[in-house]
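Engineer: Input data_39.pdb, format and content: PDB, C-alpha atoms (C1' of nucleotides).
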ATOM      1  CA  MET J  22     -24.578  10.158  17.299  1.00  0.00           C
ATOM      2  CA  GLU J  23     -22.982   6.755  17.677  1.00  0.00           C
ATOM      3  CA  LEU J  24     -22.403   4.432  14.778  1.00  0.00           C
ATOM      4  CA  THR J  25     -21.568   0.789  14.484  1.00  0.00           C
ATOM      5  CA  LEU J  26     -19.276  -0.208  11.651  1.00  0.00           C
ATOM      6  CA  PHE J  27     -22.180  -1.683   9.720  1.00  0.00           C
ATOM      7  CA  LYS J  28     -24.267   1.462  10.106  1.00  0.00           C
ATOM      8  CA  LEU J  29     -21.314   3.474   8.866  1.00  0.00           C
ATOM      9  CA  TYR J  30     -21.174   1.216   5.833  1.00  0.00           C
ATOM     10  CA  LEU J  31     -24.885   1.656   5.118  1.00  0.00           C
ATOM     11  CA  LEU J  32     -24.588   5.398   5.541  1.00  0.00           C
ATOM     12  CA  MET J  33     -21.712   5.572   3.079  1.00  0.00           C
ATOM     13  CA  LYS J  34     -23.547   3.343   0.649  1.00  0.00           C
ATOM     14  CA  ASN J  35     -26.558   5.643   0.737  1.00  0.00           C
ATOM     15  CA  HIS J  36     -24.625   8.864   0.371  1.00  0.00           C
ATOM     16  CA  LEU J  37     -21.857   7.976  -2.050  1.00  0.00           C
ATOM     17  CA  PRO J  38     -21.854   6.759  -5.631  1.00  0.00           C
ATOM     18  CA  THR J  39     -21.211   3.021  -5.742  1.00  0.00           C
ATOM     19  CA  GLY J  40     -17.814   2.325  -7.170  1.00  0.00           C
ATOM     20  CA  HIS J  41     -16.992  -0.602  -9.412  1.00  0.00           C
ATOM     21  CA  TRP J  42     -14.616  -2.452  -7.166  1.00  0.00           C
ATOM     22  CA  TRP J  43     -11.986  -3.882  -7.593  1.00  0.00           C
ATOM     23  CA  PRO J  44     -11.329  -2.800 -11.199  1.00  0.00           C
ATOM     24  CA  ALA J  45      -9.856  -5.848 -12.955  1.00  0.00           C
ATOM     25  CA  GLY J  46     -10.751  -8.155 -15.799  1.00  0.00           C
ATOM     26  CA  SER J  47      -9.453 -11.306 -14.155  1.00  0.00           C
ATOM     27  CA  LYS J  48      -8.149 -12.562 -10.837  1.00  0.00           C
ATOM     28  CA  LEU J  49      -4.583 -12.497 -12.046  1.00  0.00           C
ATOM     29  CA  GLU J  50      -4.987  -8.916 -13.224  1.00  0.00           C
ATOM     30  CA  LEU J  51      -6.413  -8.079  -9.815  1.00  0.00           C
ATOM     31  CA  ILE J  52      -3.462  -9.680  -8.046  1.00  0.00           C
ATOM     32  CA  VAL J  53      -0.968  -7.838 -10.210  1.00  0.00           C
ATOM     33  CA  GLY J  54      -2.870  -4.598  -9.623  1.00  0.00           C
ATOM     34  CA  ALA J  55      -2.777  -5.177  -5.878  1.00  0.00           C
ATOM     35  CA  ILE J  56       1.010  -5.420  -6.002  1.00  0.00           C
ATOM     36  CA  LEU J  57       1.435  -2.458  -8.325  1.00  0.00           C
ATOM     37  CA  VAL J  58      -0.776  -0.122  -6.322  1.00  0.00           C
ATOM     38  CA  GLN J  59       1.333  -0.411  -3.172  1.00  0.00           C
ATOM     39  CA  ASN J  60       2.072   3.142  -2.111  1.00  0.00           C
ATOM     40  CA  THR J  61       1.326   4.257  -5.642  1.00  0.00           C
ATOM     41  CA  ASN J  62      -1.296   6.352  -7.387  1.00  0.00           C
ATOM     42  CA  TRP J  63      -3.808   4.196  -9.283  1.00  0.00           C
ATOM     43  CA  LYS J  64      -3.286   6.323 -12.371  1.00  0.00           C
ATOM     44  CA  ASN J  65       0.302   5.104 -12.579  1.00  0.00           C
ATOM     45  CA  VAL J  66      -0.881   1.549 -12.061  1.00  0.00           C
ATOM     46  CA  GLU J  67      -3.156   1.847 -15.075  1.00  0.00           C
ATOM     47  CA  TYR J  68      -0.201   2.575 -17.332  1.00  0.00           C
ATOM     48  CA  SER J  69       1.584  -0.549 -16.149  1.00  0.00           C
ATOM     49  CA  LEU J  70      -1.514  -2.704 -16.407  1.00  0.00           C
ATOM     50  CA  ALA J  71      -2.054  -1.489 -19.971  1.00  0.00           C
ATOM     51  CA  ASN J  72       1.542  -2.401 -20.862  1.00  0.00           C
ATOM     52  CA  LEU J  73       1.164  -5.840 -19.311  1.00  0.00           C
ATOM     53  CA  LYS J  74      -2.164  -6.461 -20.968  1.00  0.00           C
ATOM     54  CA  ALA J  75      -0.770  -5.562 -24.380  1.00  0.00           C
ATOM     55  CA  ASP J  76       2.156  -7.962 -23.930  1.00  0.00           C
ATOM     56  CA  THR J  77       0.601 -10.848 -22.009  1.00  0.00           C
ATOM     57  CA  GLN J  78      -3.200 -10.451 -21.829  1.00  0.00           C
ATOM     58  CA  PHE J  79      -2.556 -11.463 -18.216  1.00  0.00           C
ATOM     59  CA  ASN J  80      -1.879 -14.986 -19.339  1.00  0.00           C
ATOM     60  CA  ARG J  81       0.161 -16.529 -16.527  1.00  0.00           C
ATOM     61  CA  THR J  82       2.393 -18.527 -18.851  1.00  0.00           C
ATOM     62  CA  LYS J  83       3.297 -15.416 -20.800  1.00  0.00           C
ATOM     63  CA  ILE J  84       4.014 -13.480 -17.628  1.00  0.00           C
ATOM     64  CA  ILE J  85       6.269 -16.221 -16.311  1.00  0.00           C
ATOM     65  CA  GLY J  86       7.997 -16.241 -19.674  1.00  0.00           C
ATOM     66  CA  LEU J  87       8.991 -12.594 -19.368  1.00  0.00           C
ATOM     67  CA  SER J  88      12.518 -11.812 -18.319  1.00  0.00           C
ATOM     68  CA  LEU J  89      12.878  -9.846 -15.133  1.00  0.00           C
ATOM     69  CA  GLU J  90      14.242  -6.885 -17.094  1.00  0.00           C
ATOM     70  CA  CYS J  91      11.333  -6.958 -19.515  1.00  0.00           C
ATOM     71  CA  LEU J  92       8.791  -7.115 -16.708  1.00  0.00           C
ATOM     72  CA  GLU J  93      10.533  -4.233 -14.948  1.00  0.00           C
ATOM     73  CA  THR J  94      10.259  -2.129 -18.078  1.00  0.00           C
ATOM     74  CA  LEU J  95       6.560  -2.873 -18.484  1.00  0.00           C
ATOM     75  CA  ILE J  96       5.677  -1.885 -14.923  1.00  0.00           C
ATOM     76  CA  ARG J  97       8.115   0.989 -14.565  1.00  0.00           C
ATOM     77  CA  PRO J  98       5.385   3.677 -14.534  1.00  0.00           C
ATOM     78  CA  SER J  99       4.042   2.490 -11.183  1.00  0.00           C
ATOM     79  CA  GLY J 100       7.319   2.835  -9.320  1.00  0.00           C
ATOM     80  CA  PHE J 101       9.299   0.460  -7.077  1.00  0.00           C
ATOM     81  CA  TYR J 102       9.504  -1.594 -10.225  1.00  0.00           C
ATOM     82  CA  LYS J 103      12.394  -3.827  -9.214  1.00  0.00           C
ATOM     83  CA  ASN J 104      10.703  -5.075  -6.053  1.00  0.00           C
ATOM     84  CA  LYS J 105       7.318  -5.328  -7.704  1.00  0.00           C
ATOM     85  CA  ALA J 106       8.624  -7.232 -10.733  1.00  0.00           C
ATOM     86  CA  LYS J 107      10.219  -9.880  -8.503  1.00  0.00           C
ATOM     87  CA  SER J 108       7.035 -10.127  -6.522  1.00  0.00           C
ATOM     88  CA  ILE J 109       4.795 -10.502  -9.561  1.00  0.00           C
ATOM     89  CA  LEU J 110       6.993 -13.225 -11.013  1.00  0.00           C
ATOM     90  CA  ALA J 111       7.151 -15.154  -7.761  1.00  0.00           C
ATOM     91  CA  ILE J 112       3.405 -14.988  -7.188  1.00  0.00           C
ATOM     92  CA  THR J 113       2.581 -15.943 -10.754  1.00  0.00           C
ATOM     93  CA  GLN J 114       4.908 -18.934 -10.518  1.00  0.00           C
ATOM     94  CA  TRP J 115       3.283 -19.949  -7.262  1.00  0.00           C
ATOM     95  CA  LEU J 116      -0.178 -19.728  -8.859  1.00  0.00           C
ATOM     96  CA  ASP J 117       1.067 -21.715 -11.824  1.00  0.00           C
ATOM     97  CA  GLY J 118       2.000 -24.531  -9.475  1.00  0.00           C
ATOM     98  CA  PHE J 119      -1.730 -24.960  -8.902  1.00  0.00           C
ATOM     99  CA  GLY J 120      -2.674 -24.412 -12.515  1.00  0.00           C
ATOM    100  CA  GLU J 121      -4.046 -21.071 -11.355  1.00  0.00           C
ATOM    101  CA  ASP J 122      -6.960 -22.922  -9.767  1.00  0.00           C
ATOM    102  CA  TYR J 123      -7.961 -20.569  -6.983  1.00  0.00           C
ATOM    103  CA  ASP J 124     -10.442 -22.958  -5.399  1.00  0.00           C
ATOM    104  CA  ALA J 125      -7.772 -25.628  -5.283  1.00  0.00           C
ATOM    105  CA  ILE J 126      -5.372 -23.195  -3.622  1.00  0.00           C
ATOM    106  CA  ALA J 127      -7.959 -22.272  -1.013  1.00  0.00           C
ATOM    107  CA  ARG J 128      -8.668 -25.943  -0.305  1.00  0.00           C
ATOM    108  CA  HIS J 129      -4.995 -26.799  -0.157  1.00  0.00           C
ATOM    109  CA  TYR J 130      -4.049 -24.193   2.437  1.00  0.00           C
ATOM    110  CA  GLY J 131      -7.327 -23.943   4.330  1.00  0.00           C
ATOM    111  CA  ASP J 132      -6.952 -21.710   7.357  1.00  0.00           C
ATOM    112  CA  GLY J 133      -3.271 -21.250   6.538  1.00  0.00           C
ATOM    113  CA  LEU J 134      -3.977 -19.416   3.318  1.00  0.00           C
ATOM    114  CA  ARG J 135      -3.348 -15.927   4.643  1.00  0.00           C
ATOM    115  CA  ARG J 136      -0.104 -17.054   6.240  1.00  0.00           C
ATOM    116  CA  GLN J 137       0.974 -18.548   2.928  1.00  0.00           C
ATOM    117  CA  LEU J 138       0.185 -15.306   1.102  1.00  0.00           C
ATOM    118  CA  LEU J 139       2.309 -13.394   3.604  1.00  0.00           C
ATOM    119  CA  ALA J 140       5.179 -15.765   2.891  1.00  0.00           C
ATOM    120  CA  LEU J 141       5.245 -14.650  -0.744  1.00  0.00           C
ATOM    121  CA  PRO J 142       7.609 -11.769  -1.538  1.00  0.00           C
ATOM    122  CA  GLY J 143       5.926  -8.374  -1.750  1.00  0.00           C
ATOM    123  CA  ILE J 144       2.739  -9.442   0.007  1.00  0.00           C
ATOM    124  CA  GLY J 145       2.280  -7.861   3.410  1.00  0.00           C
ATOM    125  CA  ASP J 146      -0.718  -7.519   5.700  1.00  0.00           C
ATOM    126  CA  GLU J 147      -2.769  -5.235   3.516  1.00  0.00           C
ATOM    127  CA  THR J 148      -2.194  -6.958   0.190  1.00  0.00           C
ATOM    128  CA  ALA J 149      -2.857 -10.324   1.843  1.00  0.00           C
ATOM    129  CA  ASP J 150      -6.245  -9.080   3.017  1.00  0.00           C
ATOM    130  CA  VAL J 151      -7.029  -7.632  -0.399  1.00  0.00           C
ATOM    131  CA  LEU J 152      -6.360 -11.018  -1.966  1.00  0.00           C
ATOM    132  CA  MET J 153      -8.249 -12.897   0.734  1.00  0.00           C
ATOM    133  CA  LEU J 154     -11.283 -10.723   0.060  1.00  0.00           C
ATOM    134  CA  TYR J 155     -11.284 -10.171  -3.683  1.00  0.00           C
ATOM    135  CA  VAL J 156      -9.574 -13.304  -4.960  1.00  0.00           C
ATOM    136  CA  PHE J 157     -10.553 -15.930  -2.408  1.00  0.00           C
ATOM    137  CA  GLY J 158     -13.876 -14.467  -1.326  1.00  0.00           C
ATOM    138  CA  GLN J 159     -13.176 -14.449   2.396  1.00  0.00           C
ATOM    139  CA  LYS J 160     -14.422 -11.611   4.554  1.00  0.00           C
ATOM    140  CA  ALA J 161     -11.732  -9.113   5.500  1.00  0.00           C
ATOM    141  CA  PHE J 162     -11.516  -5.498   6.472  1.00  0.00           C
ATOM    142  CA  ILE J 163      -8.856  -3.701   4.447  1.00  0.00           C
ATOM    143  CA  SER J 164      -7.353  -1.240   6.840  1.00  0.00           C
ATOM    144  CA  ASP J 165      -5.500   0.914   4.347  1.00  0.00           C
ATOM    145  CA  LYS J 166      -4.438   4.491   4.993  1.00  0.00           C
ATOM    146  CA  TYR J 167      -7.816   5.862   3.958  1.00  0.00           C
ATOM    147  CA  ALA J 168      -9.599   3.518   6.344  1.00  0.00           C
ATOM    148  CA  GLN J 169      -7.282   4.561   9.164  1.00  0.00           C
ATOM    149  CA  ARG J 170      -7.825   8.248   8.457  1.00  0.00           C
ATOM    150  CA  LEU J 171     -11.592   7.809   8.254  1.00  0.00           C
ATOM    151  CA  LEU J 172     -11.723   5.870  11.513  1.00  0.00           C
ATOM    152  CA  MET J 173      -9.631   8.490  13.258  1.00  0.00           C
ATOM    153  CA  LYS J 174     -11.958  11.219  12.050  1.00  0.00           C
ATOM    154  CA  LEU J 175     -14.811   9.232  13.535  1.00  0.00           C
ATOM    155  CA  GLY J 176     -13.192   9.279  16.934  1.00  0.00           C
ATOM    156  CA  VAL J 177     -11.283   6.010  16.988  1.00  0.00           C
ATOM    157  CA  ALA J 178      -8.006   7.132  18.480  1.00  0.00           C
ATOM    158  CA  ASP J 179      -4.475   5.903  18.075  1.00  0.00           C
ATOM    159  CA  LEU J 180      -4.357   3.830  14.943  1.00  0.00           C
ATOM    160  CA  LYS J 181      -0.619   3.456  14.624  1.00  0.00           C
ATOM    161  CA  ASN J 182      -0.342   0.739  12.044  1.00  0.00           C
ATOM    162  CA  TYR J 183      -2.158  -1.892  10.042  1.00  0.00           C
ATOM    163  CA  ARG J 184      -2.110  -4.666  12.587  1.00  0.00           C
ATOM    164  CA  GLU J 185      -3.306  -2.468  15.383  1.00  0.00           C
ATOM    165  CA  THR J 186      -6.233  -1.312  13.304  1.00  0.00           C
ATOM    166  CA  ALA J 187      -7.013  -4.796  12.092  1.00  0.00           C
ATOM    167  CA  LYS J 188      -7.062  -6.013  15.677  1.00  0.00           C
ATOM    168  CA  LEU J 189      -9.600  -3.347  16.564  1.00  0.00           C
ATOM    169  CA  ILE J 190     -11.862  -3.795  13.590  1.00  0.00           C
ATOM    170  CA  ARG J 191     -14.011  -6.870  13.245  1.00  0.00           C
ATOM    171  CA  LEU J 192     -16.585  -7.132  10.496  1.00  0.00           C
ATOM    172  CA  SER J 193     -19.736  -8.320  12.269  1.00  0.00           C
ATOM    173  CA  GLU J 194     -22.018 -11.085  11.024  1.00  0.00           C
ATOM    174  CA  GLU J 195     -24.126  -8.425   9.362  1.00  0.00           C
ATOM    175  CA  PHE J 196     -21.455  -8.006   6.688  1.00  0.00           C
ATOM    176  CA  SER J 197     -21.571 -10.371   3.749  1.00  0.00           C
ATOM    177  CA  VAL J 198     -18.465 -10.887   1.626  1.00  0.00           C
ATOM    178  CA  GLU J 199     -19.975  -8.599  -0.988  1.00  0.00           C
ATOM    179  CA  ASP J 200     -20.589  -5.976   1.678  1.00  0.00           C
ATOM    180  CA  ALA J 201     -16.960  -6.203   2.732  1.00  0.00           C
ATOM    181  CA  LYS J 202     -15.839  -5.664  -0.852  1.00  0.00           C
ATOM    182  CA  ALA J 203     -18.184  -2.729  -1.335  1.00  0.00           C
ATOM    183  CA  PHE J 204     -17.150  -1.238   2.006  1.00  0.00           C
ATOM    184  CA  HIS J 205     -13.508  -1.123   1.037  1.00  0.00           C
ATOM    185  CA  GLY J 206     -14.416   0.385  -2.319  1.00  0.00           C
ATOM    186  CA  LEU J 207     -16.494   3.069  -0.676  1.00  0.00           C
ATOM    187  CA  ILE J 208     -13.746   3.874   1.803  1.00  0.00           C
ATOM    188  CA  VAL J 209     -11.146   4.297  -0.924  1.00  0.00           C
ATOM    189  CA  ASP J 210     -13.424   6.368  -3.144  1.00  0.00           C
ATOM    190  CA  PHE J 211     -14.352   8.429  -0.119  1.00  0.00           C
ATOM    191  CA  GLY J 212     -10.739   8.754   0.886  1.00  0.00           C
ATOM    192  CA  LYS J 213      -9.608  10.007  -2.492  1.00  0.00           C
ATOM    193  CA  GLU J 214     -12.316  12.628  -2.315  1.00  0.00           C
ATOM    194  CA  TYR J 215     -12.133  13.740   1.299  1.00  0.00           C
ATOM    195  CA  LEU J 216      -9.177  12.262   3.114  1.00  0.00           C
ATOM    196  CA  GLY J 217      -6.136  13.497   1.253  1.00  0.00           C
ATOM    197  CA  ARG J 218      -3.281  14.671   3.396  1.00  0.00           C
ATOM    198  CA  GLY J 219      -4.255  17.930   5.014  1.00  0.00           C
ATOM    199  CA  GLY J 220      -7.871  17.503   4.040  1.00  0.00           C
ATOM    200  CA  ALA J 221      -9.607  18.100   7.336  1.00  0.00           C
ATOM    201  CA  TRP J 222     -13.062  18.255   5.883  1.00  0.00           C
ATOM    202  CA  LYS J 223     -15.667  15.571   6.140  1.00  0.00           C
ATOM    203  CA  PRO J 224     -19.028  15.586   4.408  1.00  0.00           C
ATOM    204  CA  SER J 225     -22.218  16.540   6.198  1.00  0.00           C
ATOM    205  CA  PHE J 226     -23.618  13.044   6.422  1.00  0.00           C
ATOM    206  CA  LEU J 227     -20.803  12.223   8.835  1.00  0.00           C
ATOM    207  CA  ASP J 228     -21.209  15.331  10.971  1.00  0.00           C
ATOM    208  CA  ASP J 229     -21.207  14.578  14.679  1.00  0.00           C
ATOM    209  CA  LYS J 230     -20.838  10.870  14.022  1.00  0.00           C
ATOM    210  CA  LYS J 231     -18.802   8.750  16.396  1.00  0.00           C
ATOM    211  CA  LEU J 232     -17.855   5.194  15.680  1.00  0.00           C
ATOM    212  CA  THR J 233     -18.425   2.549  18.305  1.00  0.00           C
ATOM    213  CA  LEU J 234     -16.431  -0.620  17.957  1.00  0.00           C
ATOM    214  CA  GLN J 235     -18.069  -3.753  19.262  1.00  0.00           C
ATOM    215  CA  ARG J 236     -15.825  -6.532  20.411  1.00  0.00           C
TER     216      ARG J 236
ATOM    217  C1'  DG H  22       9.745  21.964  -8.157  1.00  0.00           C
ATOM    218  C1'  DG H  23       8.040  19.685  -4.107  1.00  0.00           C
ATOM    219  C1'  DC H  24       4.714  16.661  -2.360  1.00  0.00           C
ATOM    220  C1'  DC H  25       2.177  12.584  -2.587  1.00  0.00           C
ATOM    221  C1'  DA H  26       0.071   8.061  -3.717  1.00  0.00           C
ATOM    222  C1'  DG H  27      -5.181   2.077  -2.022  1.00  0.00           C
ATOM    223  C1'  DG H  28       2.952  -0.799   1.190  1.00  0.00           C
ATOM    224  C1'  DA H  29       6.650  -4.059   1.991  1.00  0.00           C
ATOM    225  C1'  DC H  30      10.845  -5.054   3.935  1.00  0.00           C
ATOM    226  C1'  DA H  31      15.385  -4.803   6.083  1.00  0.00           C
ATOM    227  C1'  DC H  32      17.625  -3.080   9.886  1.00  0.00           C
ATOM    228  C1'  DC H  33      18.003  -1.156  14.388  1.00  0.00           C
ATOM    229  C1'  DA H  34      17.325  -0.430  19.453  1.00  0.00           C
TER     230       DA H  34
ATOM    231  C1'  DT N   6       7.068  -4.656  19.234  1.00  0.00           C
ATOM    232  C1'  DG N   7       7.967  -0.219  17.349  1.00  0.00           C
ATOM    233  C1'  DG N   8      10.383   3.348  14.763  1.00  0.00           C
ATOM    234  C1'  DT N   9      13.046   4.717  10.508  1.00  0.00           C
ATOM    235  C1'  DG N  10      15.126   4.552   5.809  1.00  0.00           C
ATOM    236  C1'  DT N  11      14.656   2.735   1.192  1.00  0.00           C
ATOM    237  C1'  DC N  12      12.525   1.507  -2.888  1.00  0.00           C
ATOM    238  C1'  DA N  13      10.698   5.125  -7.760  1.00  0.00           C
ATOM    239  C1'  DT N  14       7.371   6.786 -11.017  1.00  0.00           C
ATOM    240  C1'  DG N  15       4.056  10.298 -12.868  1.00  0.00           C
ATOM    241  C1'  DG N  16       0.330  13.746 -11.659  1.00  0.00           C
ATOM    242  C1'  DC N  17      -0.938  17.786  -9.566  1.00  0.00           C
TER     243       DC N  17
END
Please, can you express the file's structure as structure tokens?

Structural biologist:
Amino acid sequence: MELTLFKLYLLMKNHLPTGHWWPAGSKLELIVGAILVQNTNWKNVEYSLANLKADTQFNRTKIIGLSLECLETLIRPSGFYKNKAKSILAITQWLDGFGEDYDAIARHYGDGLRRQLLALPGIGDETADVLMLYVFGQKAFISDKYAQRLLMKLGVADLKNYRETAKLIRLSEEFSVEDAKAFHGLIVDFGKEYLGRGGAWKPSFLDDKKLTLQR
DNA sequence: GGCCAGGACACCA
DNA sequence: TGGTGTCATGGC
């Protein structure tokens, strides 16, 4: 049976528990989490977020006030801490330049917002899309590893990297921003459950399903 | 004790 | 453009 992307989303929504997505108490906490989770288990990210919350309550001024060494220590549990600490400081300083007014940032950069995010250290294609979607409320498909594995299991061949996948996948008009957020959440929850490395199994509600990509 | 996780980036051909 | 090595911790 052939599926459109939106039908796949509805199917997953009906068959999987709805996750609370993205887990964060504030936009700044979400941004920091998005950096910390890069190639890292979320469990490890939680340790770092707890450390940061205890020290700064995710107050941007307090974060900026941390020394690089101190920040590195706080986020050490989530790995790659030197790169991530630099990135978090740079992004927080950038946000501070706008008084952490996210609407003002969106207005200021307009269509160039994603490009600006990519220009910040430690923000690549995937993290940029995460921020576009969850922080700035703009529709985006997050083509993380779980999404790529799921799509390949559904018969979409040859997904070599993020950009190639992103080029292939377009969220149709049927998707609202909230749908896009929920979709990514479902894919990650689903991925943790069924798409670990070597996990060749897929649940029965996806049996014999093939994904058709509209252009 | 080895493998892996919700990537980014520099460097190379 | 595309492939490869590096960055690093904690859980399983």

Engineer: I need the chain N residues near chain J as a PDB file with C-alpha atoms (C1' of nucleotides), in the frame of the given file; criterion: at most 6 Å, counting all atoms listed in the file.

Structural biologist:
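Contents of selection-v9.pdb, as written:
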ATOM      1  C1'  DC N  12      12.525   1.507  -2.888  1.00  0.00           C
ATOM      2  C1'  DA N  13      10.698   5.125  -7.760  1.00  0.00           C
ATOM      3  C1'  DT N  14       7.371   6.786 -11.017  1.00  0.00           C
TER       4       DT N  14
END

Engineer: Taking the file as I've supplied it (selection: the PyMOL selection byres ((chain J) within 8 of (chain H))), which residues are included? Please answer as a list in words.

Structural biologist: Val58, Gln59, Asn60, Thr61, Asn62, Trp63, Gly143, Ile144, Gly145, Glu147, Asp165, Lys166, Tyr167 and Val209 of chain J

Engineer: Grab the CA of Tyr155 in chain J to CA of Tyr123 in chain J distance for me, in Å with one decimal place.

Structural biologist: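 According to the coordinates, CA of Tyr155 in chain J and CA of Tyr123 in chain J are separated by 11.4 Å.
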
Engineer: Output, as JSON, the centre and edge lengths in Å (one decimal) of the axis-aligned box that contains all listed atoms of range 120-127 of chain J with 4 Å of margin on each side.

Structural biologist:
{"center_x": -6.6, "center_y": -23.1, "center_z": -6.8, "size_x": 15.8, "size_y": 13.1, "size_z": 19.5}

Engineer: Check which residues satisfy the PyMOL selection byres ((chain J and resi 49-53) around 10) in the file shown, then give them as a ChimeraX atom specification.

Structural biologist: /J:43-48,54-58,66,69-70,73-74,78-81,105-106,108-110,112-113,116,121,148-149,151-152,155-156

Engineer: Grab the CA of Gly212 in chain J to C1' of DG10 in chain N distance for me, in Å with one decimal place.

Structural biologist: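 One can read the CA of Gly212 in chain J to C1' of DG10 in chain N distance as 26.7 Å.
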
Engineer: Rounded to one decimal in Å, what is the spacing between CA of Leu31 in chain J and CA of Asp150 in chain J?

Structural biologist: 21.6 Å

Engineer: To verify the selection step, state as a PyMOL selection string which residues the PyMOL selection byres ((chain J and resi 196-198) around 8) yields on this input.

Structural biologist: chain J and resi 27+154+158-161+192-195+199-202
